[in-house]
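Trainee: Pasting in a structure now, in structure tokens, and then I'll have a few things to ask.
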Amino acid sequence: MSTDPFSNRRFNRFHGRVEGDRPCWVAGCPEPGEFRAPPVEGSGPTSEGPRWRWLCLEHVRQFNQGYNFFTGMTPDEIAAAQRPYAGWERETRAFSSNAHSPSPKWADFVDPLDAIGAKFKARMAKARADAQVRQVRQVRQVRQDGVFLSAEDRKALDVMGLGIDADRKGLRTRYTELLRRYHPDHNGGDRSHEGALQGVIAAYAHLRKAAAFA
């Protein structure tokens with residue numbers, strides 16, 4: 001076998017080629033046997049395994065052209081081998097009931113300076129801090145009188161331009177002020193604020209029924 005790292009034979013395009021000094025199994029063939037073929041039927045295995053036939057490229061091509069996987073099978077065995085799911089019922093090592101997967105390679109890694117662990121802990125601490133910030137932002141705001149404001153309440157207050165400490169009298173005063181600003185009957189016939197007017201009317205209708213302004 002060539003040991004030259006730049007040998008053309010080591011980097012060839014024929015899949016399954018195994019270099020060696022063994023002769024081709026076909027009698028009289030001078031080419032080396034570099035391709036493995038199944039043993040001759042009836043030849044028993046040796047202590048090293050099956051009696052493989054080693055063929056040259058030309059003879060292994062001939063063998064492949066004449067090879068029949070179903071040779072020696074009964075019709076039932078052939079039908080079973082041709083099923084779409086044939087072979088899938090066998091348990092593989094990873095999924096068999098008695099399989100034992102080896103420990104991951106990183107489990108044996110020694111990190112005396114805790115460089116990896118410290119980075120992981122920093123990431124976890126940041127993730128927890130971010131989660132707490134999000135949680136605080138999601139907490140409903142509370143008025144000074146202890147009444148909870150829903151998201152719809154806060155949205156309506158924003159439309160009205162009021163803070164969460166507004167009371168019922170302030171709500172009514174603000175509503176009157178906005179009506180005079182946006183309603184065409186009070187602003188000289190300007191109808192460009194009709195959208196804002198409808199929003200104010202809807203916000204006031206919601207807030208006047210809310211528990212915060214009961």
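In the structure tokens, chains take letters A, B, ... by order of appearance, with residues numbered from 1 within each chain and ligands from 1 in the order shown.
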Among stretch 108-190 of chain A, which ones does DSSP assign to helix (DSSP H, G or I) (computed from the backbone)? Answer as a PyMOL selection string.
Mentor: chain A and resi 108+115-138+151-160+168-182
Trainee: With distances taken over only C-alpha atoms, which of A:Gly199, A:Gly117, A:Pro38, A:Pro23 is nearest to A:Tyr175?
Mentor: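 Using only C-alpha atoms, A:Tyr175 sits closest to A:Gly199.
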Trainee: Given the choices A:Val147, A:Ile201, A:Ala156, A:Leu55, which gets closest to A:Ala27 if the distance is worked out from only C-alpha atoms?
Mentor: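 Residue with the minimum atom-to-atom distance to A:Ala27: A:Leu55.
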Trainee: Using only C-alpha atoms, pick whichever of A:Ile78, A:Ala211, A:Leu197, A:Leu113 has the shortest atom-to-atom distance to A:Arg168.
Mentor: A:Ala211
